[in-house]
Amino acid sequence: MKSAPILPRRWTIADIADQSGKAAVVTGANSGLGLRTAEALASKGAHVLLACRNPQKAATALDAVTAVATGPKPEVLQLDLAELASVRRAAAQLNDTVGRIDLLINNAGVMAVPRSRTADGFDAQFGTNHLGHFAFTGGVLPALLRADQPRVVTVSSVAAWVGVINWLDPNWQRMYLRWPAYSQSKLANLLFTAELERRARVAGSELRAVAAHPGVSATHLYDRNGEQGVNAILAAIPQAILFALAQSDRMGALPQLYAATVPEIRGNSYVGPGFELAGYPRRTLRNPLAYRRSTARKLWELSERLTGVRYDFSVI
C-alpha cells in the first residue's frame with residue numbers, strides 16, 4: 001500500500017487554494033471547529049452552507065462567515081442530526097436546491113453527554129456523531145455525485161484510539177458509560193470513512209472519503225447539561241484538563257481543512273495535529289480496529305438497518 005504524501009510542516013489556512021465555484025456543507029457550523037472551517041472556506045471563495053440545529057446560533061454564525069466571504073453569500077440549512085426526519089428534510093432540500101456539493105464536512109458532534117436518546121431512540125452520541133452523519137451523507141449522495149471530484153470529510157477524535165463497537169448493545173440501552181460511548185462513536189466515524197471510500201472505489205466513483213481529528217481544541221463540545229451536585233463536579237474535571245491542554249479552535253480546524261482542500265490527499269487518509277494533541281496537520285495513525293474491513297462492513301450494515309438509508313452510487 002502506497003503511503004500518502006508527507007504533509008507540510010506548518011500548513012495553515014494561507015495554504016488553502018482558491019475554492020471559487022465549489023459548494024461546501026459544514027455540519028455543526030454555528031461554533032467551534034465548524035465555524036472556523038466555514039469561515040476559512042468562505043474566505044477562499046466557496047459557497048458555504050452552515051448546517052446547524054439551533055437557528056439563533058446559526059444566525060450569529062452566518063453573520064461571522066458572511067463578513068469574511070469572498071464568494072457567494074453563505075446560507076443556513078436547518079439540520080438536527082439527532083432526528084432522522086430532520087436529516088431527510090435537509091438532504092431533500094439540498095438535492096433539490098443545490099446543483100452539487102463539492103465538499104461535505106461531517107463536523108458536528110456531542111461529547112460525553114449525560115445519558116439521553118435521540119428522537120429515534122438511539123444513544124445520543126452514537127445517534128448524532130455516527131448515525132446522523134451516515135444518514136445525511138447518504139441522503140445528499142445525489143448532490144455529491146453531481147460534483148466532479150466530491151469529497152466527504154468526517155471528523156473523528158483522539159478518543160477513537162480506545163474505541164470499541166459495543167455490538168451487543170451499540171445504543172447503550174442496558175448500561176451507559178459516557179466516555180466509552182463517545183469513543184465508540186468516534187471509532188465509528190473512522191470505520192464509516194473507510195467503508196465509504198471502499199464502496200466509492202468499487203462503484204467507480206470519483207468521490208473521496210477522508211477523516212480528520214482536531215487533537216485537543218478549545219471548543220464548546222463538552223456539554224455538562226443536566227449534571228448536578230457531585231456529578232457536576234466530577235464531570236468538570238476532564239473538561240478542566242482538556243482546556244488546560246487545548247490549542248485554539250482555529251488550530252484545531254486545520255486538519256479537517258487540509259483533508260477537505262488539498263488536492264493530492266488520498267481516500268481514507270486520516271489527518272491530525274503534528275503532535276497528536278496539538279500542532280500543524282499531518283497524516284496520522286488510527287486505532288487498529290479502524291483498519292478491519294469486516295468491522296467496517298458490519299457497522300455499515302447495522303447503520304443501514306437502523307437509519308433505513310441505502311447508498312446508491314448510480315443515482316445522480
# chains A, B, ... in the order shown; residues from 1 in each chain; ligands from 1
$ residues_around --residues "region 108-118 of chain A" --least-positions-apart "2" --cutoff "10 Å" --atoms "only C-alpha atoms" --output "PyMOL selection string"
chain A and resi 26-34+51-53+80-84+105-106+120-130+132-133+154-156+171-173+175-183+185-186+220-227+235
$ residues_around --residues "Gly308 (chain A)" --least-positions-apart "5" --cutoff "10 Å" --atoms "only C-alpha atoms" --output "short mmCIF file (atom, residue, chain, number, x, y, z; two decimals) with all heavy atoms, in the first residue's frame"
data_model
loop_
_atom_site.label_atom_id
_atom_site.label_comp_id
_atom_site.auth_asym_id
_atom_site.auth_seq_id
_atom_site.Cartn_x
_atom_site.Cartn_y
_atom_site.Cartn_z
N LEU A 84 -33.91 11.80 12.54
CA LEU A 84 -33.82 11.35 11.15
C LEU A 84 -34.79 12.09 10.24
O LEU A 84 -34.49 12.29 9.05
CB LEU A 84 -34.07 9.84 11.07
CG LEU A 84 -32.95 8.95 11.65
CD1 LEU A 84 -33.34 7.48 11.54
CD2 LEU A 84 -31.63 9.22 10.94
N ALA A 135 -26.67 8.92 7.79
CA ALA A 135 -27.92 9.15 7.08
C ALA A 135 -27.85 10.41 6.22
O ALA A 135 -28.36 10.44 5.09
CB ALA A 135 -29.07 9.26 8.08
N LEU A 302 -25.29 -2.43 9.90
CA LEU A 302 -26.07 -2.05 11.07
C LEU A 302 -26.64 -0.65 10.91
O LEU A 302 -27.82 -0.41 11.22
CB LEU A 302 -25.18 -2.10 12.33
CG LEU A 302 -25.81 -1.55 13.62
CD1 LEU A 302 -27.00 -2.40 14.04
CD2 LEU A 302 -24.76 -1.48 14.73
N SER A 303 -25.84 0.25 10.38
CA SER A 303 -26.28 1.64 10.18
C SER A 303 -27.41 1.71 9.16
O SER A 303 -28.36 2.50 9.32
CB SER A 303 -25.11 2.50 9.73
OG SER A 303 -24.04 2.45 10.66
#
$ atom_distance --atom1 "CA of Ala290 (chain A)" --atom2 "CA of Gly138 (chain A)"
20.5 Å
$ select_by_dssp --residues "region 30-99 of chain A" --states "alpha helix (DSSP H)" --output "number ranges by chain"
A: 32-43, 55-68, 84-97
$ residues_around --residues "region 312-314 of chain A" --least-positions-apart "3" --cutoff "10 Å" --atoms "only C-alpha atoms" --output "tab-separated table (two decimals) with N, CA, C and O atoms, in the first residue's frame"
chain	number	residue	atom	x	y	z
A	138	GLY	N	-25.62	9.83	3.10
A	138	GLY	CA	-26.36	9.02	2.14
A	138	GLY	C	-27.48	9.79	1.50
A	138	GLY	O	-27.77	9.63	0.31
A	139	GLY	N	-28.12	10.66	2.27
A	139	GLY	CA	-29.23	11.45	1.74
A	139	GLY	C	-28.80	12.45	0.68
A	139	GLY	O	-29.55	12.71	-0.27
A	141	LEU	N	-26.14	12.13	-1.20
A	141	LEU	CA	-25.26	11.48	-2.18
A	141	LEU	C	-25.55	11.92	-3.62
A	141	LEU	O	-24.61	12.14	-4.40
A	142	PRO	N	-26.82	12.07	-4.03
A	142	PRO	CA	-27.06	12.55	-5.40
A	142	PRO	C	-26.39	13.89	-5.69
A	142	PRO	O	-25.81	14.09	-6.76
A	144	LEU	N	-23.76	15.12	-4.11
A	144	LEU	CA	-22.32	14.89	-4.11
A	144	LEU	C	-21.85	14.32	-5.44
A	144	LEU	O	-20.82	14.74	-5.99
A	145	LEU	N	-22.60	13.38	-5.97
A	145	LEU	CA	-22.19	12.73	-7.22
A	145	LEU	C	-22.31	13.63	-8.43
A	145	LEU	O	-21.75	13.32	-9.49
A	199	ARG	N	-16.52	1.60	-0.96
A	199	ARG	CA	-17.70	1.48	-1.82
A	199	ARG	C	-17.63	2.44	-3.01
A	199	ARG	O	-18.08	2.11	-4.11
A	200	ALA	N	-17.08	3.62	-2.79
A	200	ALA	CA	-16.93	4.57	-3.89
A	200	ALA	C	-15.99	4.02	-4.95
A	200	ALA	O	-16.24	4.15	-6.15
A	202	VAL	N	-15.29	0.81	-5.55
A	202	VAL	CA	-15.95	-0.32	-6.22
A	202	VAL	C	-16.93	0.18	-7.26
A	202	VAL	O	-17.07	-0.40	-8.35
A	203	ALA	N	-17.61	1.28	-6.95
A	203	ALA	CA	-18.61	1.84	-7.87
A	203	ALA	C	-17.98	2.64	-9.00
A	203	ALA	O	-18.69	3.07	-9.92
A	204	GLY	N	-16.68	2.86	-8.95
A	204	GLY	CA	-16.01	3.66	-9.98
A	204	GLY	C	-16.28	5.15	-9.83
A	204	GLY	O	-16.14	5.91	-10.78
A	205	SER	N	-16.67	5.56	-8.61
A	205	SER	CA	-16.98	6.97	-8.36
A	205	SER	C	-15.72	7.76	-8.07
A	205	SER	O	-14.72	7.23	-7.56
A	207	LEU	N	-15.81	10.12	-5.89
A	207	LEU	CA	-15.96	10.58	-4.51
A	207	LEU	C	-14.79	10.07	-3.67
A	207	LEU	O	-14.38	8.91	-3.78
A	309	VAL	N	-31.33	4.03	5.52
A	309	VAL	CA	-30.67	4.72	4.40
A	309	VAL	C	-29.80	3.75	3.63
A	309	VAL	O	-29.01	3.00	4.22
$ closest_residue --among "A:Leu35, A:Leu131, A:Ala188, A:Val152" --to "Asn166 (chain A)" --atoms "only C-alpha atoms"
A:Ala188
$ select_by_dssp --residues "region 14-241 of chain A" --states "strand (DSSP E)" --output "MDAnalysis selection string"
chainID A and resid 23:27 47:52 75:78 103:106 151:155 208:212
$ write_last_selection --atoms "N, CA, C and O atoms" --output "short mmCIF file (atom, residue, chain, number, x, y, z; two decimals), in the first residue's frame"
data_model
loop_
_atom_site.label_atom_id
_atom_site.label_comp_id
_atom_site.auth_asym_id
_atom_site.auth_seq_id
_atom_site.Cartn_x
_atom_site.Cartn_y
_atom_site.Cartn_z
N ALA A 23 -19.15 24.27 -3.75
CA ALA A 23 -20.18 24.35 -2.72
C ALA A 23 -19.77 23.44 -1.57
O ALA A 23 -19.45 22.27 -1.78
N ALA A 24 -19.76 23.99 -0.36
CA ALA A 24 -19.32 23.24 0.82
C ALA A 24 -20.40 23.25 1.88
O ALA A 24 -20.93 24.31 2.23
N VAL A 25 -20.73 22.09 2.41
CA VAL A 25 -21.69 21.95 3.51
C VAL A 25 -20.91 21.56 4.76
O VAL A 25 -20.16 20.58 4.74
N VAL A 26 -21.09 22.33 5.83
CA VAL A 26 -20.39 22.07 7.09
C VAL A 26 -21.43 21.84 8.17
O VAL A 26 -22.20 22.74 8.50
N THR A 27 -21.47 20.65 8.74
CA THR A 27 -22.41 20.39 9.82
C THR A 27 -21.83 20.95 11.13
O THR A 27 -20.62 20.96 11.33
N HIS A 47 -18.92 28.57 -1.78
CA HIS A 47 -20.29 28.84 -1.34
C HIS A 47 -20.56 27.90 -0.18
O HIS A 47 -20.70 26.68 -0.35
N VAL A 48 -20.63 28.45 1.02
CA VAL A 48 -20.72 27.65 2.24
C VAL A 48 -22.14 27.60 2.77
O VAL A 48 -22.81 28.63 2.89
N LEU A 49 -22.59 26.40 3.08
CA LEU A 49 -23.89 26.20 3.72
C LEU A 49 -23.64 25.70 5.13
O LEU A 49 -22.99 24.68 5.33
N LEU A 50 -24.14 26.44 6.10
CA LEU A 50 -23.97 26.11 7.51
C LEU A 50 -25.13 25.23 7.95
O LEU A 50 -26.26 25.71 8.10
N ALA A 51 -24.87 23.95 8.13
CA ALA A 51 -25.91 23.00 8.54
C ALA A 51 -25.94 22.93 10.06
O ALA A 51 -25.06 22.34 10.68
N CYS A 52 -26.96 23.57 10.65
CA CYS A 52 -27.00 23.75 12.10
C CYS A 52 -28.36 23.38 12.68
O CYS A 52 -29.38 23.50 12.01
N GLU A 75 -25.16 30.49 3.40
CA GLU A 75 -26.55 30.22 3.75
C GLU A 75 -26.61 29.27 4.94
O GLU A 75 -25.65 28.58 5.25
N VAL A 76 -27.78 29.23 5.59
CA VAL A 76 -28.02 28.33 6.70
C VAL A 76 -28.96 27.22 6.26
O VAL A 76 -29.94 27.46 5.55
N LEU A 77 -28.65 26.01 6.67
CA LEU A 77 -29.50 24.85 6.44
C LEU A 77 -29.90 24.28 7.79
O LEU A 77 -29.05 23.97 8.61
N GLN A 78 -31.19 24.16 8.02
CA GLN A 78 -31.67 23.60 9.28
C GLN A 78 -31.43 22.10 9.30
O GLN A 78 -31.92 21.37 8.43
N LEU A 103 -17.91 19.65 -1.30
CA LEU A 103 -17.31 19.30 -0.01
C LEU A 103 -18.40 19.11 1.03
O LEU A 103 -19.25 19.98 1.20
N LEU A 104 -18.37 17.99 1.70
CA LEU A 104 -19.25 17.76 2.85
C LEU A 104 -18.35 17.53 4.05
O LEU A 104 -17.57 16.57 4.07
N ILE A 105 -18.44 18.41 5.03
CA ILE A 105 -17.63 18.30 6.24
C ILE A 105 -18.53 17.84 7.37
O ILE A 105 -19.34 18.60 7.90
N ASN A 106 -18.44 16.58 7.73
CA ASN A 106 -19.23 15.99 8.82
C ASN A 106 -18.54 16.33 10.15
O ASN A 106 -17.78 15.53 10.69
N ARG A 151 -15.86 15.38 -2.14
CA ARG A 151 -15.08 14.90 -1.00
C ARG A 151 -15.92 14.95 0.26
O ARG A 151 -16.61 15.94 0.51
N VAL A 152 -15.85 13.88 1.04
CA VAL A 152 -16.55 13.81 2.33
C VAL A 152 -15.49 13.70 3.41
O VAL A 152 -14.69 12.75 3.42
N VAL A 153 -15.47 14.67 4.30
CA VAL A 153 -14.53 14.68 5.43
C VAL A 153 -15.32 14.46 6.71
O VAL A 153 -16.23 15.22 7.01
N THR A 154 -14.98 13.42 7.45
CA THR A 154 -15.67 13.12 8.69
C THR A 154 -14.71 13.31 9.85
O THR A 154 -13.59 12.79 9.83
N VAL A 155 -15.16 14.06 10.84
CA VAL A 155 -14.29 14.44 11.95
C VAL A 155 -14.39 13.42 13.08
O VAL A 155 -15.45 13.21 13.65
N ARG A 208 -14.30 10.95 -2.81
CA ARG A 208 -13.19 10.61 -1.93
C ARG A 208 -13.62 10.82 -0.48
O ARG A 208 -14.14 11.88 -0.13
N ALA A 209 -13.40 9.82 0.36
CA ALA A 209 -13.76 9.91 1.77
C ALA A 209 -12.48 10.00 2.60
O ALA A 209 -11.57 9.18 2.44
N VAL A 210 -12.41 11.01 3.47
CA VAL A 210 -11.22 11.28 4.27
C VAL A 210 -11.67 11.56 5.70
O VAL A 210 -12.79 12.03 5.92
N ALA A 211 -10.81 11.30 6.67
CA ALA A 211 -11.12 11.59 8.07
C ALA A 211 -10.08 12.52 8.66
O ALA A 211 -8.95 12.63 8.16
N ALA A 212 -10.46 13.21 9.72
CA ALA A 212 -9.54 14.13 10.40
C ALA A 212 -9.91 14.19 11.87
O ALA A 212 -11.02 13.83 12.26
#
$ atom_distance --atom1 "CA of Pro273 (chain A)" --atom2 "CA of Gln149 (chain A)"
25.4 Å
$ atom_distance --atom1 "CA of Asp15 (chain A)" --atom2 "CA of Thr60 (chain A)"
27.1 Å
$ closest_residue --among "A:Gly272, A:Pro55, A:Gly71, A:Pro281" --to "Lys22 (chain A)" --atoms "only C-alpha atoms"
A:Gly71
$ decode --residues "region 65-81 of chain A" --atoms "all heavy atoms" --output "CSV table (one decimal), in the first residue's frame"
chain,number,residue,atom,x,y,z
A,65,VAL,N,-19.5,34.4,9.2
A,65,VAL,CA,-19.0,33.8,8.0
A,65,VAL,C,-19.2,34.7,6.8
A,65,VAL,O,-18.3,34.9,5.9
A,65,VAL,CB,-19.7,32.4,7.7
A,65,VAL,CG1,-19.2,31.8,6.4
A,65,VAL,CG2,-19.4,31.5,8.8
A,66,THR,N,-20.3,35.4,6.7
A,66,THR,CA,-20.6,36.4,5.7
A,66,THR,C,-19.6,37.5,5.7
A,66,THR,O,-19.2,38.0,4.6
A,66,THR,CB,-22.0,36.9,5.8
A,66,THR,OG1,-23.0,35.9,5.8
A,66,THR,CG2,-22.3,38.0,4.7
A,67,ALA,N,-19.1,37.9,6.8
A,67,ALA,CA,-18.2,39.0,7.0
A,67,ALA,C,-16.8,38.7,6.3
A,67,ALA,O,-16.1,39.6,5.9
A,67,ALA,CB,-17.9,39.3,8.4
A,68,VAL,N,-16.5,37.4,6.2
A,68,VAL,CA,-15.2,37.1,5.6
A,68,VAL,C,-15.3,36.4,4.2
A,68,VAL,O,-14.3,36.1,3.5
A,68,VAL,CB,-14.4,36.1,6.5
A,68,VAL,CG1,-14.1,36.8,7.8
A,68,VAL,CG2,-15.1,34.8,6.7
A,69,ALA,N,-16.5,36.2,3.8
A,69,ALA,CA,-16.8,35.5,2.5
A,69,ALA,C,-16.3,36.4,1.3
A,69,ALA,O,-16.5,37.6,1.3
A,69,ALA,CB,-18.2,35.2,2.3
A,70,THR,N,-15.7,35.7,0.4
A,70,THR,CA,-15.2,36.4,-0.9
A,70,THR,C,-16.0,35.9,-2.1
A,70,THR,O,-15.7,36.3,-3.2
A,70,THR,CB,-13.7,36.2,-1.1
A,70,THR,OG1,-13.4,34.8,-1.2
A,70,THR,CG2,-12.9,36.8,0.1
A,71,GLY,N,-16.9,34.9,-1.9
A,71,GLY,CA,-17.6,34.3,-3.0
A,71,GLY,C,-19.1,34.5,-2.7
A,71,GLY,O,-19.5,35.5,-2.1
A,72,PRO,N,-19.9,33.6,-3.1
A,72,PRO,CA,-21.4,33.6,-2.9
A,72,PRO,C,-21.7,33.8,-1.4
A,72,PRO,O,-21.0,33.3,-0.5
A,72,PRO,CB,-21.9,32.3,-3.4
A,72,PRO,CG,-20.9,31.9,-4.4
A,72,PRO,CD,-19.6,32.3,-3.8
A,73,LYS,N,-22.8,34.4,-1.1
A,73,LYS,CA,-23.3,34.7,0.2
A,73,LYS,C,-23.5,33.3,0.9
A,73,LYS,O,-24.3,32.5,0.4
A,73,LYS,CB,-24.5,35.5,0.3
A,73,LYS,CG,-25.0,35.8,1.7
A,73,LYS,CD,-26.2,36.7,1.7
A,73,LYS,CE,-26.7,37.0,3.2
A,73,LYS,NZ,-27.9,37.9,3.2
A,74,PRO,N,-23.0,33.1,2.1
A,74,PRO,CA,-23.2,31.8,2.8
A,74,PRO,C,-24.7,31.7,3.2
A,74,PRO,O,-25.4,32.7,3.3
A,74,PRO,CB,-22.4,32.0,4.1
A,74,PRO,CG,-21.3,33.0,3.7
A,74,PRO,CD,-22.0,33.9,2.8
A,75,GLU,N,-25.2,30.5,3.4
A,75,GLU,CA,-26.5,30.2,3.7
A,75,GLU,C,-26.6,29.3,4.9
A,75,GLU,O,-25.6,28.6,5.3
A,75,GLU,CB,-27.3,29.6,2.6
A,75,GLU,CG,-27.3,30.4,1.3
A,75,GLU,CD,-28.0,29.7,0.2
A,75,GLU,OE1,-29.2,29.4,0.4
A,75,GLU,OE2,-27.4,29.5,-0.9
A,76,VAL,N,-27.8,29.2,5.6
A,76,VAL,CA,-28.0,28.3,6.7
A,76,VAL,C,-29.0,27.2,6.3
A,76,VAL,O,-29.9,27.5,5.6
A,76,VAL,CB,-28.6,29.1,7.9
A,76,VAL,CG1,-29.1,28.1,9.0
A,76,VAL,CG2,-27.6,30.0,8.5
A,77,LEU,N,-28.6,26.0,6.7
A,77,LEU,CA,-29.5,24.8,6.4
A,77,LEU,C,-29.9,24.3,7.8
A,77,LEU,O,-29.0,24.0,8.6
A,77,LEU,CB,-28.7,23.8,5.6
A,77,LEU,CG,-29.5,22.5,5.4
A,77,LEU,CD1,-30.6,22.6,4.4
A,77,LEU,CD2,-28.5,21.4,4.9
A,78,GLN,N,-31.2,24.2,8.0
A,78,GLN,CA,-31.7,23.6,9.3
A,78,GLN,C,-31.4,22.1,9.3
A,78,GLN,O,-31.9,21.4,8.4
A,78,GLN,CB,-33.2,23.9,9.4
A,78,GLN,CG,-33.8,23.3,10.7
A,78,GLN,CD,-33.3,24.0,12.0
A,78,GLN,OE1,-33.0,25.2,11.9
A,78,GLN,NE2,-33.2,23.3,13.1
A,79,LEU,N,-30.6,21.6,10.3
A,79,LEU,CA,-30.3,20.2,10.3
A,79,LEU,C,-30.1,19.8,11.8
A,79,LEU,O,-29.3,20.4,12.5
A,79,LEU,CB,-29.0,19.9,9.6
A,79,LEU,CG,-28.4,18.5,9.8
A,79,LEU,CD1,-29.4,17.5,9.2
A,79,LEU,CD2,-27.1,18.4,9.1
A,80,ASP,N,-30.9,18.8,12.2
A,80,ASP,CA,-30.7,18.2,13.5
A,80,ASP,C,-30.4,16.8,13.3
A,80,ASP,O,-31.2,15.9,13.0
A,80,ASP,CB,-32.0,18.3,14.3
A,80,ASP,CG,-31.9,17.8,15.8
A,80,ASP,OD1,-30.8,17.2,16.1
A,80,ASP,OD2,-32.8,18.0,16.6
A,81,LEU,N,-29.1,16.5,13.5
A,81,LEU,CA,-28.6,15.1,13.3
A,81,LEU,C,-29.2,14.1,14.2
A,81,LEU,O,-29.1,12.9,14.0
A,81,LEU,CB,-27.1,15.1,13.4
A,81,LEU,CG,-26.3,15.8,12.2
A,81,LEU,CD1,-24.9,16.1,12.6
A,81,LEU,CD2,-26.4,15.0,10.9
